[in-house]
Amino acid sequence: MRVRRQGHIGVVALLLAVSAPAAGKPPETGWSFALVPYVWMAGSDMRLRHPGFPLAVETSTSFGEILRNLDFGAMVAFEGRHGRWGFLVDGLYVKISDAATVEVPQLGGAPLSAEAGLRTFTGLAAVQYRAVEDQTGSLDLVAGPRLWSLRTRITAALPPEAPLPPEVPTSYDRSETLDWVDAMAGARAMVRLAPGITLNAHAMFGAGGSRFSSDSLLALGVSVGRHVSLQAGYRHQSADVRRASGLAVDTQLHGPVLGARIRF
């Protein structure tokens, strides 16, 4: 099954940013903070290749399969702001298991069955600058390093009669880990739709240890008190990383998020 490229929700975030008015109001004085815990029901599209199993292993999770394949997913963000400047710390952990197919060129593209697992930890430490703030909403520019740690597992038992390349074992069960840091940059936008209701979006893109990575979110926020709002939306995250050893991972995580924003 081929990996399906998702359209980046970050395009929406950038459109929101462009539509924000240029005139801003004076920034508030003093520090303000926000804690944002989330649960992410993430599905995945992956293409894996291990040095010890140099065939493409692919998985694809539809929206209806997300809960069945997700082992665990959670994230939390913490941010502080003083005037126009601020910081953002964002941590995420996702563990997914899924059925997979093995692409064997010698079989004319006929897939063989396997299993694949993905454990992802990623953490962002970024600086924020509020470029726009008025009655319509706000726009923040964001930049900083993101640490990634991916652990992938391939489990396969291929038919002995299959015409496999000599370097491909018929039985394989092993994990491989990738750790790297990407430089990320992007924007966060908030638009006030009605009293107590906001549309929130962010889009960040980067590279460094990977060939390319991205993180996009579009969410609706509803205030339930002076300092608390509930948020629901959709998040998409991707990374494409390859090593000279033959280890390669092209993964896209996507799915609905539910959480709260607590201001203090």
# chains A, B, ... in the order shown; residues from 1 in each chain; ligands from 1
>>> residues_around(residues="Thr59 of chain A", least_positions_apart="4", cutoff="10 Å", atoms="only C-alpha atoms", output="PyMOL selection string")
chain A and resi 1-4+44-48+97-102+114-117+251
>>> select_by_dssp(residues="segment 64-229 of chain A", states="alpha helix (DSSP H)", output="PyMOL selection string")
chain A and resi 66-69
>>> write_last_selection(atoms="C-alpha atoms", output="short mmCIF file (atom, residue, chain, number, x, y, z; two decimals), in the first residue's frame")
data_model
loop_
_atom_site.label_atom_id
_atom_site.label_comp_id
_atom_site.auth_asym_id
_atom_site.auth_seq_id
_atom_site.Cartn_x
_atom_site.Cartn_y
_atom_site.Cartn_z
CA ILE A 66 -6.60 5.48 13.96
CA LEU A 67 -7.91 4.23 17.31
CA ARG A 68 -7.27 0.59 16.40
CA ASN A 69 -3.61 1.17 15.51
#
>>> closest_atom_pairs(of="segment 98-152 of chain A", to="segment 181-187 of chain A", cutoff="12 Å", atoms="only C-alpha atoms", output="CSV")
residue,atom,partner,partner_atom,distance
A:Phe121,CA,A:Val181,CA,11.8
A:Thr122,CA,A:Val181,CA,9.4
A:Gly123,CA,A:Val181,CA,9.6
A:Leu124,CA,A:Met184,CA,8.5
A:Ala125,CA,A:Met184,CA,9.6
A:Ala126,CA,A:Met184,CA,8.4
A:Val127,CA,A:Ala185,CA,9.7
A:Gln128,CA,A:Ala187,CA,8.8
A:Tyr129,CA,A:Ala187,CA,9.4
A:Arg130,CA,A:Ala187,CA,9.7
A:Ala131,CA,A:Ala187,CA,9.9
A:Val132,CA,A:Ala187,CA,11.3
A:Ser138,CA,A:Ala187,CA,10.5
A:Leu139,CA,A:Ala187,CA,7.0
A:Asp140,CA,A:Ala187,CA,5.6
A:Leu141,CA,A:Ala187,CA,4.5
A:Val142,CA,A:Gly186,CA,5.3
A:Ala143,CA,A:Ala185,CA,4.2
A:Gly144,CA,A:Met184,CA,5.4
A:Pro145,CA,A:Ala183,CA,4.6
A:Arg146,CA,A:Asp182,CA,5.3
A:Leu147,CA,A:Val181,CA,4.5
A:Trp148,CA,A:Val181,CA,6.0
A:Ser149,CA,A:Val181,CA,8.9
A:Leu150,CA,A:Val181,CA,11.6
>>> write_last_selection(atoms="C-alpha atoms", output="compact mmCIF listing (two decimals), in the first residue's frame")
# COMPACT_ATOMS: atom_id res chain seq x y z
CA PHE A 121 9.40 11.40 20.62
CA THR A 122 9.93 14.98 19.51
CA GLY A 123 10.52 18.15 21.48
CA LEU A 124 10.64 21.78 20.30
CA ALA A 125 12.27 24.71 22.11
CA ALA A 126 11.46 27.92 20.24
CA VAL A 127 11.51 31.69 20.49
CA GLN A 128 8.34 33.59 19.55
CA TYR A 129 7.85 37.14 18.35
CA ARG A 130 4.37 38.66 18.17
CA ALA A 131 4.29 40.50 14.87
CA VAL A 132 0.57 41.37 14.91
CA SER A 138 -2.65 37.67 16.47
CA LEU A 139 0.31 36.40 14.49
CA ASP A 140 3.52 35.01 16.04
CA LEU A 141 6.74 34.19 14.22
CA VAL A 142 8.39 31.08 15.68
CA ALA A 143 11.88 29.57 15.29
CA GLY A 144 14.00 27.06 17.19
CA PRO A 145 15.53 23.56 17.26
CA ARG A 146 13.43 20.40 17.33
CA LEU A 147 14.82 17.13 18.70
CA TRP A 148 13.54 13.94 17.10
CA SER A 149 13.86 10.34 18.21
CA LEU A 150 12.27 7.62 16.07
>>> residues_around(residues="Lys95 of chain A", least_positions_apart="2", cutoff="10 Å", atoms="only C-alpha atoms", output="PyMOL selection string")
chain A and resi 42-43+69-74+93+97+117-121+150-152
>>> residues_around(residues="Ala232 of chain A", least_positions_apart="3", cutoff="8 Å", atoms="only C-alpha atoms", output="list of chain:residue names")
A:Ala219, A:Leu220, A:Gly221, A:Pro256, A:Val257, A:Leu258, A:Gly259
>>> closest_residue(among="A:Arg211, A:Arg261, A:Arg226, A:Arg242", to="Gly196 of chain A", atoms="only C-alpha atoms")
A:Arg226
>>> select_by_dssp(residues="segment 108-192 of chain A", states="strand (DSSP E or B)", output="number ranges by chain")
A: 111-133, 137-157, 171-192
>>> atom_distance(atom1="atom CA of Ser60 of chain A", atom2="atom CA of Pro159 of chain A")
22.8 Å
>>> residues_around(residues="Glu167 of chain A", least_positions_apart="3", cutoff="9 Å", atoms="only C-alpha atoms", output="compact mmCIF listing (two decimals) with N, CA and C atoms, in the first residue's frame")
# COMPACT_ATOMS: atom_id res chain seq x y z
N GLY A 52 19.35 -4.17 7.69
CA GLY A 52 19.25 -5.63 7.67
C GLY A 52 18.05 -6.15 6.90
N PHE A 53 17.20 -5.25 6.41
CA PHE A 53 16.02 -5.64 5.63
C PHE A 53 15.79 -4.57 4.57
N PRO A 54 16.62 -4.58 3.51
CA PRO A 54 16.64 -3.48 2.54
C PRO A 54 15.53 -3.55 1.50
N LEU A 164 13.52 -13.44 -3.51
CA LEU A 164 14.08 -12.28 -2.79
C LEU A 164 15.53 -12.05 -3.18
>>> closest_residue(among="A:Glu176, A:Met204, A:Gln135, A:Val76", to="Gly246 of chain A", atoms="only C-alpha atoms")
A:Glu176
>>> decode(residues="segment 93-124 of chain A", atoms="N, CA and C atoms", output="short mmCIF file (atom, residue, chain, number, x, y, z; two decimals), in the first residue's frame")
data_model
loop_
_atom_site.label_atom_id
_atom_site.label_comp_id
_atom_site.auth_asym_id
_atom_site.auth_seq_id
_atom_site.Cartn_x
_atom_site.Cartn_y
_atom_site.Cartn_z
N TYR A 93 4.78 12.57 22.27
CA TYR A 93 5.13 11.14 22.25
C TYR A 93 3.99 10.37 21.60
N VAL A 94 4.32 9.54 20.63
CA VAL A 94 3.33 8.72 19.94
C VAL A 94 3.90 7.32 19.72
N LYS A 95 3.09 6.29 19.97
CA LYS A 95 3.48 4.90 19.72
C LYS A 95 2.37 4.24 18.90
N ILE A 96 2.76 3.67 17.76
CA ILE A 96 1.80 3.12 16.80
C ILE A 96 2.27 1.75 16.33
N SER A 97 1.33 0.82 16.20
CA SER A 97 1.59 -0.49 15.58
C SER A 97 0.60 -0.68 14.43
N ASP A 98 1.06 -1.28 13.36
CA ASP A 98 0.19 -1.39 12.19
C ASP A 98 0.63 -2.55 11.31
N ALA A 99 -0.33 -3.10 10.57
CA ALA A 99 0.00 -4.07 9.53
C ALA A 99 0.69 -3.34 8.39
N ALA A 100 1.56 -4.05 7.68
CA ALA A 100 2.36 -3.41 6.64
C ALA A 100 2.47 -4.33 5.43
N THR A 101 2.93 -3.74 4.34
CA THR A 101 3.22 -4.52 3.14
C THR A 101 4.68 -4.33 2.77
N VAL A 102 5.26 -5.37 2.17
CA VAL A 102 6.65 -5.35 1.73
C VAL A 102 6.66 -5.29 0.21
N GLU A 103 7.35 -4.31 -0.30
CA GLU A 103 7.42 -4.12 -1.75
C GLU A 103 8.61 -4.90 -2.31
N VAL A 104 8.33 -5.95 -3.07
CA VAL A 104 9.37 -6.80 -3.64
C VAL A 104 9.37 -6.61 -5.16
N PRO A 105 10.35 -5.89 -5.71
CA PRO A 105 10.35 -5.64 -7.16
C PRO A 105 10.33 -6.91 -7.99
N GLN A 106 10.97 -7.98 -7.50
CA GLN A 106 11.03 -9.22 -8.27
C GLN A 106 9.67 -9.90 -8.42
N LEU A 107 8.69 -9.47 -7.57
CA LEU A 107 7.35 -10.04 -7.67
C LEU A 107 6.42 -9.16 -8.50
N GLY A 108 6.99 -8.22 -9.21
CA GLY A 108 6.17 -7.35 -10.04
C GLY A 108 5.27 -6.43 -9.24
N GLY A 109 5.66 -6.09 -8.01
CA GLY A 109 4.86 -5.18 -7.18
C GLY A 109 3.86 -5.88 -6.30
N ALA A 110 3.74 -7.21 -6.38
CA ALA A 110 2.80 -7.93 -5.51
C ALA A 110 3.27 -7.80 -4.06
N PRO A 111 2.39 -7.35 -3.15
CA PRO A 111 2.81 -7.10 -1.77
C PRO A 111 2.85 -8.37 -0.93
N LEU A 112 3.79 -8.42 -0.02
CA LEU A 112 3.85 -9.46 1.01
C LEU A 112 3.56 -8.82 2.36
N SER A 113 2.99 -9.59 3.28
CA SER A 113 2.55 -9.04 4.56
C SER A 113 3.69 -8.94 5.55
N ALA A 114 3.62 -7.90 6.41
CA ALA A 114 4.58 -7.71 7.49
C ALA A 114 3.90 -6.86 8.56
N GLU A 115 4.63 -6.56 9.61
CA GLU A 115 4.15 -5.66 10.65
C GLU A 115 5.19 -4.57 10.86
N ALA A 116 4.71 -3.38 11.20
CA ALA A 116 5.61 -2.26 11.45
C ALA A 116 5.17 -1.52 12.69
N GLY A 117 6.13 -1.00 13.43
CA GLY A 117 5.84 -0.22 14.61
C GLY A 117 6.65 1.06 14.60
N LEU A 118 6.11 2.10 15.21
CA LEU A 118 6.78 3.39 15.26
C LEU A 118 6.61 3.98 16.66
N ARG A 119 7.72 4.37 17.26
CA ARG A 119 7.69 5.12 18.52
C ARG A 119 8.38 6.45 18.26
N THR A 120 7.65 7.52 18.44
CA THR A 120 8.16 8.85 18.13
C THR A 120 8.19 9.71 19.38
N PHE A 121 9.33 10.32 19.64
CA PHE A 121 9.40 11.40 20.62
C PHE A 121 10.00 12.60 19.91
N THR A 122 9.38 13.76 20.08
CA THR A 122 9.93 14.98 19.51
C THR A 122 9.66 16.13 20.46
N GLY A 123 10.65 17.01 20.60
CA GLY A 123 10.52 18.15 21.48
C GLY A 123 11.06 19.41 20.81
N LEU A 124 10.28 20.50 20.91
CA LEU A 124 10.64 21.78 20.30
C LEU A 124 10.91 22.80 21.39
#
